[in-house]
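Enquirer: My structure is in structure_8.cif, and what it holds is mmCIF, C-alpha atoms:
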```
data_entry
#
loop_
_atom_site.label_atom_id
_atom_site.label_comp_id
_atom_site.auth_asym_id
_atom_site.auth_seq_id
_atom_site.Cartn_x
_atom_site.Cartn_y
_atom_site.Cartn_z
CA MET A 255 183.13 65.75 157.82
CA ARG A 256 180.17 63.61 158.80
CA LEU A 257 178.13 66.73 159.55
CA GLN A 258 178.96 68.10 156.09
CA LYS A 259 177.73 64.87 154.43
CA ILE A 260 174.50 65.08 156.39
CA ARG A 261 173.96 68.66 155.21
CA ILE A 262 174.61 67.64 151.59
CA LEU A 263 172.16 64.74 151.86
CA ASN A 264 169.51 67.03 153.38
CA TYR A 265 170.05 69.54 150.58
CA LEU A 266 169.67 66.85 147.90
CA TRP A 267 166.54 65.55 149.60
CA CYS A 268 164.96 69.01 149.69
CA LEU A 269 165.93 69.59 146.06
CA LEU A 270 164.30 66.30 145.06
CA VAL A 271 161.10 67.10 146.95
CA PHE A 272 160.94 70.61 145.47
CA THR A 273 161.54 69.41 141.92
CA THR A 274 158.94 66.69 142.22
CA ALA A 275 156.41 69.16 143.59
CA CYS A 276 157.01 71.50 140.67
CA LYS A 277 156.60 68.70 138.14
CA SER A 278 153.32 67.67 139.65
CA THR A 279 151.73 71.00 138.69
CA GLN A 280 152.40 70.47 134.95
CA PRO A 281 149.67 68.88 132.76
CA THR A 282 150.43 65.49 131.32
CA VAL A 283 149.17 64.15 127.99
CA LYS A 284 148.78 60.41 127.85
CA LYS A 285 149.98 58.80 124.68
CA SER A 286 146.75 56.79 124.52
CA GLN A 287 144.71 59.98 124.06
CA ASN A 288 141.81 58.45 125.92
CA ASN A 289 139.48 61.47 125.86
CA LEU A 290 138.46 64.25 123.48
CA THR A 291 140.12 66.97 125.52
CA GLU A 292 143.47 65.30 124.92
CA VAL A 293 142.66 64.67 121.25
CA PHE A 294 142.00 68.35 120.63
CA GLY A 295 144.75 69.49 122.98
CA SER A 296 147.34 67.57 120.98
CA ASN A 297 146.95 70.01 118.07
CA PRO A 298 147.44 73.71 118.93
CA LEU A 299 145.82 74.73 115.65
CA PHE A 300 142.38 74.50 117.28
CA LYS A 301 143.45 77.21 119.76
CA LYS A 302 145.55 79.39 117.47
CA ASP A 303 142.78 80.93 115.36
CA PHE A 304 139.02 81.14 115.90
CA SER A 305 137.62 77.60 116.04
CA GLY A 306 134.13 76.58 117.18
CA ILE A 307 133.32 72.93 117.81
CA HIS A 308 130.25 70.95 118.82
CA ILE A 309 130.05 67.14 119.07
CA GLU A 310 127.07 65.25 120.46
CA LYS A 311 125.38 61.86 120.40
CA ILE A 312 122.30 62.05 118.23
CA ASP A 313 120.23 59.46 120.12
CA ASN A 314 120.35 60.98 123.59
CA GLY A 315 121.69 64.49 122.94
CA GLN A 316 124.75 63.97 125.16
CA VAL A 317 127.29 66.68 124.39
CA LEU A 318 130.74 65.15 124.11
CA TYR A 319 132.82 68.24 123.40
CA GLN A 320 132.34 71.98 122.86
CA GLN A 321 134.57 74.94 122.15
CA PHE A 322 133.13 78.40 121.45
CA ALA A 323 129.96 76.57 120.43
CA ASN A 324 127.77 79.61 121.18
CA HIS A 325 129.98 82.03 119.26
CA ARG A 326 128.97 83.19 115.79
CA PHE A 327 131.07 82.21 112.78
CA ILE A 328 130.88 82.85 109.04
CA PRO A 329 129.52 79.48 107.86
CA ALA A 330 129.97 79.70 104.07
CA SER A 331 128.10 76.77 102.50
CA ASN A 332 127.12 75.31 105.87
CA VAL A 333 124.12 77.66 105.43
CA LYS A 334 122.78 75.08 102.96
CA ILE A 335 121.97 72.86 105.97
CA LEU A 336 119.38 75.45 107.03
CA THR A 337 118.08 75.75 103.46
CA LEU A 338 117.75 71.97 103.26
CA TYR A 339 115.71 71.78 106.46
CA ALA A 340 113.47 74.67 105.37
CA ALA A 341 112.82 73.05 101.98
CA ILE A 342 112.12 69.58 103.40
CA LYS A 343 109.68 70.96 105.98
CA THR A 344 107.94 73.38 103.62
CA LEU A 345 107.89 71.62 100.25
CA ASP A 346 107.68 67.99 101.37
CA LYS A 347 107.58 65.79 98.22
CA LYS A 348 105.96 68.33 95.87
CA ILE A 349 107.42 71.53 94.47
CA PRO A 350 105.38 74.27 92.77
CA THR A 351 106.83 74.78 89.32
CA PHE A 352 104.67 77.65 87.97
CA HIS A 353 101.32 79.39 88.43
CA TYR A 354 98.86 80.17 85.65
CA GLU A 355 95.54 81.90 85.11
CA SER A 356 93.35 81.91 82.01
CA GLN A 357 90.82 84.51 80.91
CA GLY A 358 89.34 84.35 77.44
CA ASP A 359 92.13 84.03 74.89
CA THR A 360 94.88 85.09 77.32
CA LEU A 361 97.02 82.88 79.57
CA TRP A 362 99.20 84.38 82.30
CA LEU A 363 102.26 82.61 83.71
CA TRP A 364 104.12 83.33 86.96
CA GLY A 365 107.32 81.66 88.12
CA THR A 366 107.76 79.98 91.49
CA GLY A 367 111.55 79.98 91.59
CA ASP A 368 111.67 76.21 90.84
CA PRO A 369 115.23 75.70 89.57
CA ALA A 370 114.80 72.48 87.59
CA PHE A 371 113.39 73.73 84.26
CA LEU A 372 115.92 72.71 81.57
CA TYR A 373 118.75 72.61 84.15
CA ASP A 374 121.18 70.08 82.72
CA LYS A 375 122.43 68.97 86.14
CA VAL A 376 119.14 67.34 87.19
CA GLN A 377 116.65 65.00 85.53
CA GLN A 378 113.54 66.54 84.03
CA ASP A 379 110.18 65.08 84.99
CA PHE A 380 107.96 67.90 83.77
CA SER A 381 107.84 69.94 80.58
CA LEU A 382 106.30 73.40 80.32
CA SER A 383 105.94 72.79 76.58
CA SER A 384 103.78 69.72 77.21
CA PHE A 385 101.53 71.89 79.38
CA LEU A 386 101.21 74.59 76.73
CA ALA A 387 100.79 72.29 73.73
CA PRO A 388 97.05 71.65 74.16
CA ARG A 389 96.22 75.16 75.38
CA LYS A 390 93.88 77.16 73.11
CA GLU A 391 94.72 80.65 74.37
CA GLN A 392 96.14 82.89 71.65
CA VAL A 393 98.13 85.17 73.97
CA ILE A 394 100.61 83.92 76.58
CA LEU A 395 101.97 86.50 79.00
CA PHE A 396 104.76 86.12 81.55
CA SER A 397 104.37 88.25 84.68
CA GLU A 398 107.16 88.79 87.19
CA SER A 399 104.92 90.65 89.63
CA ASN A 400 105.52 88.11 92.43
CA PHE A 401 109.32 88.48 92.17
CA LYS A 402 110.47 91.12 94.67
CA ASP A 403 114.15 90.30 95.00
CA GLU A 404 117.50 91.60 93.76
CA ARG A 405 119.65 89.72 91.27
CA PHE A 406 122.35 89.05 93.92
CA GLY A 407 122.04 88.25 97.60
CA SER A 408 123.01 90.65 100.35
CA GLY A 409 126.77 90.61 100.85
CA TRP A 410 127.65 88.73 97.66
CA ALA A 411 130.85 89.71 95.88
CA TRP A 412 129.75 91.91 92.97
CA ASP A 413 132.87 91.07 90.92
CA ASP A 414 132.00 87.36 90.90
CA TYR A 415 129.24 88.04 88.36
CA PRO A 416 131.09 86.23 85.49
CA TYR A 417 131.34 82.89 87.33
CA ALA A 418 128.90 79.99 87.26
CA PHE A 419 128.94 79.58 91.05
CA GLN A 420 127.15 82.94 91.39
CA VAL A 421 124.30 83.13 88.91
CA GLU A 422 121.51 85.67 89.28
CA LYS A 423 118.24 84.88 91.03
CA THR A 424 115.13 84.84 88.83
CA PRO A 425 111.41 84.07 89.19
CA LEU A 426 111.37 81.47 86.43
CA PRO A 427 114.84 79.92 86.05
CA ILE A 428 115.74 78.42 82.71
CA TYR A 429 118.91 76.47 81.81
CA GLY A 430 120.21 77.12 85.31
CA ASN A 431 120.25 80.88 84.56
CA ARG A 432 123.40 80.45 82.54
CA VAL A 433 124.65 80.01 79.00
CA ILE A 434 126.39 76.76 78.10
CA PHE A 435 129.23 76.94 75.58
CA GLN A 436 130.65 73.67 74.34
CA ASN A 437 132.52 71.99 71.53
CA THR A 438 132.18 68.19 71.62
CA THR A 439 133.98 67.42 68.37
CA GLY A 440 136.73 70.00 68.29
CA ARG A 441 135.20 71.41 65.10
CA ARG A 442 131.85 72.97 65.93
CA LEU A 443 130.98 75.41 68.70
CA SER A 444 127.45 75.19 70.16
CA ILE A 445 125.65 77.63 72.45
CA LEU A 446 122.61 76.90 74.62
CA PRO A 447 120.09 78.55 74.88
CA ILE A 448 120.31 79.18 71.14
CA TYR A 449 119.01 82.70 71.72
CA PHE A 450 122.54 83.68 72.77
CA GLU A 451 124.11 82.62 69.47
CA GLN A 452 123.24 86.05 68.10
CA ASN A 453 124.83 87.66 71.17
CA SER A 454 128.17 85.83 71.02
CA ILE A 455 131.22 86.82 69.00
CA LEU A 456 134.74 85.50 68.54
CA ASP A 457 137.35 87.95 69.77
CA PRO A 458 140.93 87.42 68.55
CA THR A 459 142.28 89.65 71.32
CA LEU A 460 141.18 87.28 74.10
CA ARG A 461 143.70 84.89 75.54
CA TYR A 462 143.41 81.10 75.46
CA GLY A 463 140.00 79.67 76.38
CA LYS A 464 138.48 82.87 77.77
CA ILE A 465 134.76 83.79 77.68
CA ILE A 466 133.72 87.19 79.00
CA ARG A 467 130.78 89.58 79.14
CA ALA A 468 130.20 93.04 80.55
CA GLU A 469 128.47 93.00 83.91
CA MET A 470 125.20 94.62 82.82
CA GLU A 471 125.01 93.18 79.29
CA ASN A 472 124.29 89.86 77.62
CA GLN A 473 126.94 90.16 74.91
CA PHE A 474 129.53 87.35 75.18
CA SER A 475 133.04 87.45 73.72
CA LEU A 476 134.85 84.15 73.10
CA ALA A 477 138.52 83.42 72.45
CA ASN A 478 139.23 82.21 68.89
CA ASP A 479 140.79 78.92 69.98
CA LEU A 480 137.43 77.66 71.31
CA ARG A 481 136.38 76.89 67.72
CA ASN A 482 139.01 74.17 67.40
CA ARG A 483 139.15 72.30 70.71
CA LYS A 484 136.86 70.24 72.91
CA PHE A 485 135.52 72.03 75.96
CA LYS A 486 132.39 72.82 77.99
CA MET A 487 131.96 76.00 80.01
CA SER A 488 129.02 77.93 81.40
CA ARG A 489 128.58 81.61 82.16
CA PRO A 490 125.70 83.38 83.94
CA PHE A 491 123.41 85.57 81.87
CA LYS A 492 122.15 88.96 83.01
CA TYR A 493 118.54 88.72 84.13
CA GLU A 494 116.06 91.00 82.41
CA PRO A 495 112.28 90.49 82.59
CA ASN A 496 111.92 90.57 78.81
CA LEU A 497 114.74 88.04 78.43
CA ILE A 498 112.72 85.29 80.14
CA SER A 499 109.82 85.73 77.71
CA GLN A 500 112.25 85.64 74.76
CA LEU A 501 113.94 82.46 76.06
CA LEU A 502 110.55 80.82 76.61
CA THR A 503 109.50 81.73 73.08
CA ASP A 504 112.63 80.20 71.55
CA THR A 505 112.47 77.08 73.72
CA LEU A 506 108.73 76.36 73.74
CA LYS A 507 108.12 77.34 70.10
CA ARG A 508 105.16 79.44 71.17
CA LYS A 509 105.05 83.19 71.43
CA VAL A 510 105.45 84.34 75.05
CA GLU A 511 105.34 88.03 75.79
CA LEU A 512 106.22 90.03 78.88
CA ASP A 513 103.14 91.27 80.74
CA ILE A 514 103.96 94.95 81.01
CA SER A 515 100.90 95.47 83.23
CA GLN A 516 102.50 93.13 85.78
CA ARG A 517 99.29 91.33 86.62
CA PRO A 518 99.49 90.32 90.31
CA LEU A 519 99.24 86.71 91.35
CA SER A 520 95.65 86.16 92.45
CA GLN A 521 93.69 83.56 94.38
CA ASN A 522 92.19 82.43 91.08
CA SER A 523 95.56 81.31 89.76
CA ILE A 524 96.29 77.60 89.55
CA THR A 525 99.58 76.12 90.74
CA ILE A 526 101.18 73.28 88.82
CA GLU A 527 103.32 71.03 91.00
CA ARG A 528 105.78 68.29 90.18
CA ASN A 529 107.33 65.49 92.20
CA LEU A 530 110.32 66.57 94.22
CA SER A 531 112.95 63.85 94.38
CA ASP A 532 116.02 63.73 96.61
CA GLU A 533 118.16 64.36 93.53
CA LEU A 534 117.73 68.12 93.84
CA TYR A 535 118.73 68.07 97.51
CA GLN A 536 121.64 65.70 96.87
CA ARG A 537 123.14 67.96 94.24
CA MET A 538 122.66 71.05 96.40
CA MET A 539 124.45 69.39 99.33
CA GLN A 540 127.00 67.12 97.64
CA GLN A 541 128.09 69.48 94.84
CA SER A 542 127.36 72.60 96.91
CA ASP A 543 125.18 73.99 94.11
CA ASN A 544 124.57 77.65 94.97
CA PHE A 545 122.00 78.12 92.21
CA LEU A 546 119.81 75.32 93.57
CA ALA A 547 120.11 76.60 97.13
CA GLU A 548 119.10 80.16 96.27
CA GLN A 549 116.21 79.16 94.03
CA LEU A 550 114.90 76.57 96.49
CA LEU A 551 114.81 79.20 99.22
CA LEU A 552 112.92 81.53 96.86
CA THR A 553 110.46 78.70 96.16
CA VAL A 554 110.02 78.12 99.89
CA GLY A 555 109.39 81.84 100.31
CA GLY A 556 106.81 81.83 97.54
CA LYS A 557 104.90 79.05 99.24
CA ILE A 558 104.82 80.62 102.70
CA THR A 559 104.48 84.30 101.72
CA ASP A 560 103.23 84.34 98.07
CA THR A 561 106.28 86.46 97.24
CA LEU A 562 109.62 85.46 95.78
CA ASN A 563 111.95 87.31 98.12
CA THR A 564 114.81 85.78 100.10
CA LYS A 565 114.70 88.24 102.99
CA GLN A 566 110.95 87.80 103.48
CA ALA A 567 111.33 84.02 103.32
CA ILE A 568 114.05 84.01 105.99
CA ASN A 569 112.12 86.40 108.24
CA LYS A 570 109.08 84.12 108.13
CA LEU A 571 111.18 80.98 108.68
CA GLU A 572 112.95 82.55 111.67
CA ARG A 573 109.59 83.26 113.29
CA THR A 574 108.36 79.71 112.71
CA LEU A 575 110.66 76.77 111.95
CA PHE A 576 113.82 78.37 113.35
CA LYS A 577 112.39 80.38 116.24
CA GLU A 578 114.42 78.41 118.83
CA ILE A 579 117.71 79.60 117.36
CA ARG A 580 116.60 82.93 115.90
CA GLU A 581 118.50 85.05 118.42
CA ASP A 582 121.73 83.09 117.89
CA ILE A 583 122.09 83.53 114.14
CA ARG A 584 122.19 86.02 111.29
CA TRP A 585 120.85 84.33 108.16
CA VAL A 586 120.80 86.28 104.89
CA ASP A 587 120.89 83.87 101.92
CA GLY A 588 120.29 80.29 100.86
CA SER A 589 123.73 79.31 99.62
CA GLY A 590 126.26 80.84 102.02
CA LEU A 591 127.88 83.09 99.41
CA SER A 592 127.45 86.05 101.75
CA ARG A 593 129.90 86.90 104.52
CA TYR A 594 126.99 88.51 106.36
CA ASN A 595 125.77 85.05 107.42
CA LEU A 596 126.64 84.18 111.02
CA LEU A 597 125.84 80.82 112.62
CA THR A 598 126.99 79.09 115.78
CA PRO A 599 128.11 75.45 115.98
CA ASN A 600 125.18 74.92 118.35
CA SER A 601 122.66 76.37 115.87
CA ILE A 602 123.94 74.12 113.12
CA ALA A 603 123.78 71.12 115.47
CA TRP A 604 120.18 72.07 116.31
CA THR A 605 119.29 72.04 112.60
CA LEU A 606 121.05 68.71 112.04
CA ARG A 607 119.09 67.26 114.95
CA LYS A 608 115.82 68.52 113.46
CA LEU A 609 116.71 67.04 110.09
CA SER A 610 117.32 63.64 111.68
CA GLN A 611 113.80 63.78 113.08
CA GLU A 612 112.27 64.46 109.67
CA VAL A 613 114.21 62.18 107.34
CA PRO A 614 114.89 58.44 107.74
CA ARG A 615 118.52 57.94 108.68
CA SER A 616 119.61 56.11 105.52
CA GLU A 617 118.00 58.74 103.28
CA LEU A 618 119.44 61.55 105.37
CA LEU A 619 123.03 60.37 105.12
CA ASN A 620 122.65 59.95 101.35
CA LEU A 621 121.90 63.65 101.01
CA PHE A 622 125.30 64.67 102.36
CA PRO A 623 128.75 64.23 100.84
CA ALA A 624 130.28 60.95 102.02
CA GLY A 625 133.90 60.96 103.20
CA GLY A 626 136.27 59.50 100.61
CA GLN A 627 133.42 58.86 98.22
CA SER A 628 131.31 61.77 96.97
CA GLY A 629 130.99 65.50 96.51
CA SER A 630 133.26 67.88 98.37
CA LEU A 631 134.49 65.04 100.65
CA LYS A 632 135.57 62.73 97.84
CA ASN A 633 139.24 63.17 98.68
CA TRP A 634 138.91 63.59 102.45
CA PHE A 635 137.86 61.70 105.59
CA GLY A 636 137.45 58.31 103.94
CA GLY A 637 136.94 55.16 106.01
CA LYS A 638 139.00 51.98 105.78
CA SER A 639 136.16 49.96 104.26
CA GLN A 640 133.21 52.34 103.96
CA PRO A 641 132.38 56.02 104.59
CA TYR A 642 131.77 57.09 108.17
CA VAL A 643 131.62 60.90 107.73
CA PHE A 644 128.56 62.46 106.08
CA ALA A 645 128.91 66.22 106.24
CA LYS A 646 128.63 69.54 104.43
CA THR A 647 131.72 71.63 103.90
CA GLY A 648 131.83 75.42 103.79
CA SER A 649 134.80 77.24 102.33
CA MET A 650 135.83 80.75 101.39
CA SER A 651 138.88 82.87 102.11
CA GLY A 652 139.68 82.53 105.82
CA VAL A 653 136.76 80.15 106.40
CA TYR A 654 136.54 76.36 106.63
CA CYS A 655 133.58 74.55 108.16
CA LEU A 656 132.51 70.92 108.35
CA SER A 657 129.12 70.01 109.79
CA GLY A 658 127.04 66.87 109.57
CA TYR A 659 127.02 63.33 110.90
CA LEU A 660 129.64 60.76 111.91
CA LYS A 661 129.01 57.04 112.28
CA THR A 662 131.05 55.17 114.91
CA LYS A 663 132.29 51.59 114.64
CA LYS A 664 129.53 50.59 117.07
CA GLY A 665 126.92 52.05 114.72
CA GLU A 666 126.11 55.14 116.80
CA LEU A 667 125.54 58.42 115.00
CA LEU A 668 127.13 61.67 116.16
CA ILE A 669 126.36 65.24 115.20
CA ILE A 670 129.53 67.21 114.45
CA SER A 671 130.16 70.86 113.68
CA PHE A 672 133.62 72.33 113.14
CA MET A 673 133.76 76.04 112.28
CA HIS A 674 137.09 77.76 111.62
CA ASN A 675 137.35 81.49 110.83
CA ASN A 676 139.94 84.26 110.52
CA PHE A 677 142.89 82.21 109.37
CA ARG A 678 145.34 82.96 106.58
CA GLY A 679 146.37 80.65 103.78
CA SER A 680 144.97 77.32 102.70
CA SER A 681 142.22 75.45 104.57
CA ARG A 682 144.16 72.22 104.07
CA LYS A 683 145.79 72.53 107.49
CA TYR A 684 142.36 72.42 109.12
CA LYS A 685 141.27 69.41 107.10
CA GLU A 686 144.45 67.65 108.20
CA ALA A 687 143.86 68.67 111.83
CA ILE A 688 140.26 67.44 111.77
CA THR A 689 141.17 64.07 110.26
CA PRO A 690 142.64 62.39 113.41
CA VAL A 691 139.76 63.76 115.50
CA LEU A 692 137.18 62.17 113.22
CA GLU A 693 139.13 58.92 113.16
CA TRP A 694 139.32 58.88 116.98
CA LEU A 695 135.58 59.47 117.26
CA HIS A 696 134.89 56.65 114.81
CA GLU A 697 137.22 54.19 116.51
CA ASN A 698 136.62 54.93 120.19
CA LEU A 699 132.97 55.87 120.63
#
```
Could you show the structure in this file as structure tokens?

Expert:
Amino acid sequence: MRLQKIRILNYLWCLLVFTTACKSTQPTVKKSQNNLTEVFGSNPLFKKDFSGIHIEKIDNGQVLYQQFANHRFIPASNVKILTLYAAIKTLDKKIPTFHYESQGDTLWLWGTGDPAFLYDKVQQDFSLSSFLAPRKEQVILFSESNFKDERFGSGWAWDDYPYAFQVEKTPLPIYGNRVIFQNTTGRRLSILPIYFEQNSILDPTLRYGKIIRAEMENQFSLANDLRNRKFKMSRPFKYEPNLISQLLTDTLKRKVELDISQRPLSQNSITIERNLSDELYQRMMQQSDNFLAEQLLLTVGGKITDTLNTKQAINKLERTLFKEIREDIRWVDGSGLSRYNLLTPNSIAWTLRKLSQEVPRSELLNLFPAGGQSGSLKNWFGGKSQPYVFAKTGSMSGVYCLSGYLKTKKGELLIISFMHNNFRGSSRKYKEAITPVLEWLHENL
């Protein structure tokens, strides 16, 4: 009997040792979550789909966490971070707004891609009409000879042509390259530019509040109910070289004709510049304005190559400003509308680091959406007393990215880049997953 008890005790002892040994091989997650590996490991969403992450300290470059940081992701509007850096480095505080040349009684005008002319989303500090008013030339010709681009960027969705987030690229933008329809009183419909009043009709067959046009035409059809209710909507117009001269004629009250000879831009031409304020950059970044991004990149291209062409601009920038990351990226447009764009979290972090070296910190953070306060982050990532996340979002179907800067409670600044691709459904789950990570970084670093 005693021998049997001894055997039982030995068996229980061996079982205890074996069980303990097995348990010791399993990972443990501390409730305190005292490091980033545990913070990310607590949410399997970061491993389920394709997620790239880069987090570093901006002052000393110490990398705090990486996951697939050298892999290429579709960045959506995170591409605007590259456009911002290119514009700041190339344009500085002055932006070319148009070129002109005068011979005898003829004045030639060329566009530079400057997006601000009569764009209602930004303040105007220069008027083309004030330039032309004292001019004595009898003939004013608009030449598009320096514009060598297509209306849409490579890889843009062709069927998005009716929407204001995808307007066409032009050499001399006017009114944001779109038509503004509005009724402020509920009684009178107004259309700007007024040139399009003759090209707009009321269509009783259209359903409530609809405004449409054929893809390759500038004839707009409006639903009948728009005559009797307050609203404001904008629709892109179809770019045609002759259209710009007609719009300039109506707006400037001086006859402007299209130069059918397409006089090339020469060394004798004079460039008129205007002051470039942060307002343009702020709207591009905070409101994710695709029109501004595309036109700014064209303007950058015109300054470094004398040609308004996005592909040429990017090729030149990749050989100069972005040569360190050239082999890691595929960059095709200024806005991020194209799915052909491919960036890595590391390449975005590199650009954010370069930006911090060019722009004073307070000014830099003001360019980006602030968590819980402005732009695309107005409803996300807000601090308890003040914003601590300053970052650009990038969203399209199956894509959500967040890249920018994070300020810790100790006042340190971090560079962050989260890139999520190839998921189904809403991006909200990724925003919710990122939230506790950002809060941990703010509170603990």

Enquirer: What is the CA of Ser384 in chain A-CA of Arg489 in chain A distance in Å, reported with one decimal?

Expert: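 These two atoms are separated by 27.9 Å.
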
Enquirer: So which residues get picked by the PyMOL selection byres ((chain A and resi 300-306) around 8) here, written as a list in words?

Expert: Phe294, Gly295, Asn297, Pro298, Leu299, Ile307, His308, Gln320, Gln321, Phe322, Ala323, His325, Phe327, Thr598, Pro599, Ser671, Phe672, Met673, His674, Asn675, Asn676 and Phe677 of chain A

Enquirer: Would you mind exporting C-alpha atoms of the selected residues as a compact mmCIF listing (two decimals), in the frame of the given file?

Expert:
```txt
# COMPACT_ATOMS: atom_id res chain seq x y z
CA PHE A 294 142.00 68.35 120.63
CA GLY A 295 144.75 69.49 122.98
CA ASN A 297 146.95 70.01 118.07
CA PRO A 298 147.44 73.71 118.93
CA LEU A 299 145.82 74.73 115.65
CA ILE A 307 133.32 72.93 117.81
CA HIS A 308 130.25 70.95 118.82
CA GLN A 320 132.34 71.98 122.86
CA GLN A 321 134.57 74.94 122.15
CA PHE A 322 133.13 78.40 121.45
CA ALA A 323 129.96 76.57 120.43
CA HIS A 325 129.98 82.03 119.26
CA PHE A 327 131.07 82.21 112.78
CA THR A 598 126.99 79.09 115.78
CA PRO A 599 128.11 75.45 115.98
CA SER A 671 130.16 70.86 113.68
CA PHE A 672 133.62 72.33 113.14
CA MET A 673 133.76 76.04 112.28
CA HIS A 674 137.09 77.76 111.62
CA ASN A 675 137.35 81.49 110.83
CA ASN A 676 139.94 84.26 110.52
CA PHE A 677 142.89 82.21 109.37
```

Enquirer: So which one's closest to Ala477 in chain A, A:Lys464, A:Lys565, A:Arg678, A:Lys557? Using all atoms listed in the file, please.

Expert: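 Using all atoms listed in the file, Ala477 in chain A sits closest to A:Lys464.
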
Enquirer: Find the residue from A:Leu395, A:Leu692, A:Leu699, A:Ala418 that sits nearest to Val433 in chain A; use only C-alpha atoms when measuring.

Expert: A:Ala418

Enquirer: Under the rule that all atoms listed in the file are counted, which of A:Ile568, A:Ile328, A:Ala387, A:Leu456 is the nearest residue to Glu548 in chain A?

Expert: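 Distance minimum relative to Glu548 in chain A lands on A:Ile568.
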
Enquirer: Within 10 Å of (116.9, 88.0, 81.3) in the file's own coordinates, which protein, DNA or RNA residues have an atom, counting all atoms listed in the file? List them as a PDB file with C-alpha atoms, in the coordinates of the input.

Expert:
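File written: out.pdb
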```
ATOM      1  CA  GLU A 422     121.510  85.670  89.280  1.00  0.00           C
ATOM      2  CA  THR A 424     115.130  84.840  88.830  1.00  0.00           C
ATOM      3  CA  LEU A 426     111.370  81.470  86.430  1.00  0.00           C
ATOM      4  CA  PRO A 427     114.840  79.920  86.050  1.00  0.00           C
ATOM      5  CA  ILE A 428     115.740  78.420  82.710  1.00  0.00           C
ATOM      6  CA  ASN A 431     120.250  80.880  84.560  1.00  0.00           C
ATOM      7  CA  GLU A 471     125.010  93.180  79.290  1.00  0.00           C
ATOM      8  CA  ASN A 472     124.290  89.860  77.620  1.00  0.00           C
ATOM      9  CA  PHE A 491     123.410  85.570  81.870  1.00  0.00           C
ATOM     10  CA  LYS A 492     122.150  88.960  83.010  1.00  0.00           C
ATOM     11  CA  TYR A 493     118.540  88.720  84.130  1.00  0.00           C
ATOM     12  CA  GLU A 494     116.060  91.000  82.410  1.00  0.00           C
ATOM     13  CA  PRO A 495     112.280  90.490  82.590  1.00  0.00           C
ATOM     14  CA  ASN A 496     111.920  90.570  78.810  1.00  0.00           C
ATOM     15  CA  LEU A 497     114.740  88.040  78.430  1.00  0.00           C
ATOM     16  CA  ILE A 498     112.720  85.290  80.140  1.00  0.00           C
ATOM     17  CA  SER A 499     109.820  85.730  77.710  1.00  0.00           C
ATOM     18  CA  GLN A 500     112.250  85.640  74.760  1.00  0.00           C
ATOM     19  CA  LEU A 501     113.940  82.460  76.060  1.00  0.00           C
TER      20      LEU A 501
END
```

Enquirer: Of the residues A:Gly629, A:Pro329, A:Gly430, A:Gly556, which is the one nearest to Thr525 in chain A, using only C-alpha atoms?

Expert: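 Using only C-alpha atoms, Thr525 in chain A sits closest to A:Gly556.
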
Enquirer: Counting all atoms listed in the file, what is within 9 Å of range 656-668 of chain A, bar same-chain residues fewer than 2 positions away, as a PyMOL selection string?

Expert: chain A and resi 309-313+332+335+599+602-603+606+619+622+641-648+654+670-674+685+692+695-699

Enquirer: What's the 6 Å shell around Ser589 in chain A, counting all atoms listed in the file, without same-chain residues fewer than 3 positions away, as JSON, numbers by chain?

Expert: {"A": [331, 334, 544, 547, 548]}

Enquirer: Could you take the residues named above and write them with C-alpha atoms, as a PDB file, in the frame of the given file?

Expert:
```pdb
ATOM      1  CA  SER A 331     128.100  76.770 102.500  1.00  0.00           C
ATOM      2  CA  LYS A 334     122.780  75.080 102.960  1.00  0.00           C
ATOM      3  CA  ASN A 544     124.570  77.650  94.970  1.00  0.00           C
ATOM      4  CA  ALA A 547     120.110  76.600  97.130  1.00  0.00           C
ATOM      5  CA  GLU A 548     119.100  80.160  96.270  1.00  0.00           C
TER       6      GLU A 548
END
```

Enquirer: Between CA of Ser680 in chain A and CA of Leu336 in chain A, measure the distance and give it in Å to one decimal.

Expert: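 Those two atoms sit 26.0 Å apart.
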
Enquirer: Please identify every residue of range 329-372 of chain A that has at least one atom no farther than 12 Å from an atom of range 401-412 of chain A, counting all atoms listed in the file, and for each give the shortest atom pair and the distance in Å to one decimal, arranged by chain then increasing number, as JSON lines.

Expert:
```
{"residue": "A:Ala330", "atom": "CA", "partner": "A:Trp410", "partner_atom": "CA", "distance": 11.3}
{"residue": "A:Trp364", "atom": "CA", "partner": "A:Phe401", "partner_atom": "CA", "distance": 9.0}
{"residue": "A:Gly365", "atom": "CA", "partner": "A:Phe401", "partner_atom": "CA", "distance": 8.2}
{"residue": "A:Thr366", "atom": "CA", "partner": "A:Phe401", "partner_atom": "CA", "distance": 8.7}
{"residue": "A:Gly367", "atom": "CA", "partner": "A:Phe401", "partner_atom": "CA", "distance": 8.8}
```

Enquirer: Could you tell me how far CA of Ile465 in chain A sits from CA of Asn478 in chain A, in Å to one decimal place?

Expert: 10.0 Å

Enquirer: Any chance you could work out the residue set of the PyMOL selection byres ((chain A and resi 347-360) around 6) here, as a ChimeraX atom specification?

Expert: /A:345-346,361-366,368,391-394,523-530

Enquirer: For Phe474 in chain A, which of A:Thr459, A:Gln452, A:Ser296, A:Thr344 is the closest residue, counting all atoms listed in the file?

Expert: A:Gln452

Enquirer: Nearest to Leu550 in chain A: which of A:Leu596, A:Met470, A:Leu338, A:Leu609 is it, counting all atoms listed in the file?

Expert: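 Selected residue with least distance to Leu550 in chain A: A:Leu338.
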
Enquirer: I want to know what sits within 12 Å of Ile448 in chain A, based on all atoms listed in the file, with residues of the same chain fewer than 5 positions away left out; could you give that as a list in words?

Expert: Tyr429, Arg432, Val433, Ile434, Phe435, Leu443, Asn453, Ser454, Gln500, Leu501, Leu502, Thr503, Asp504 and Thr505 of chain A
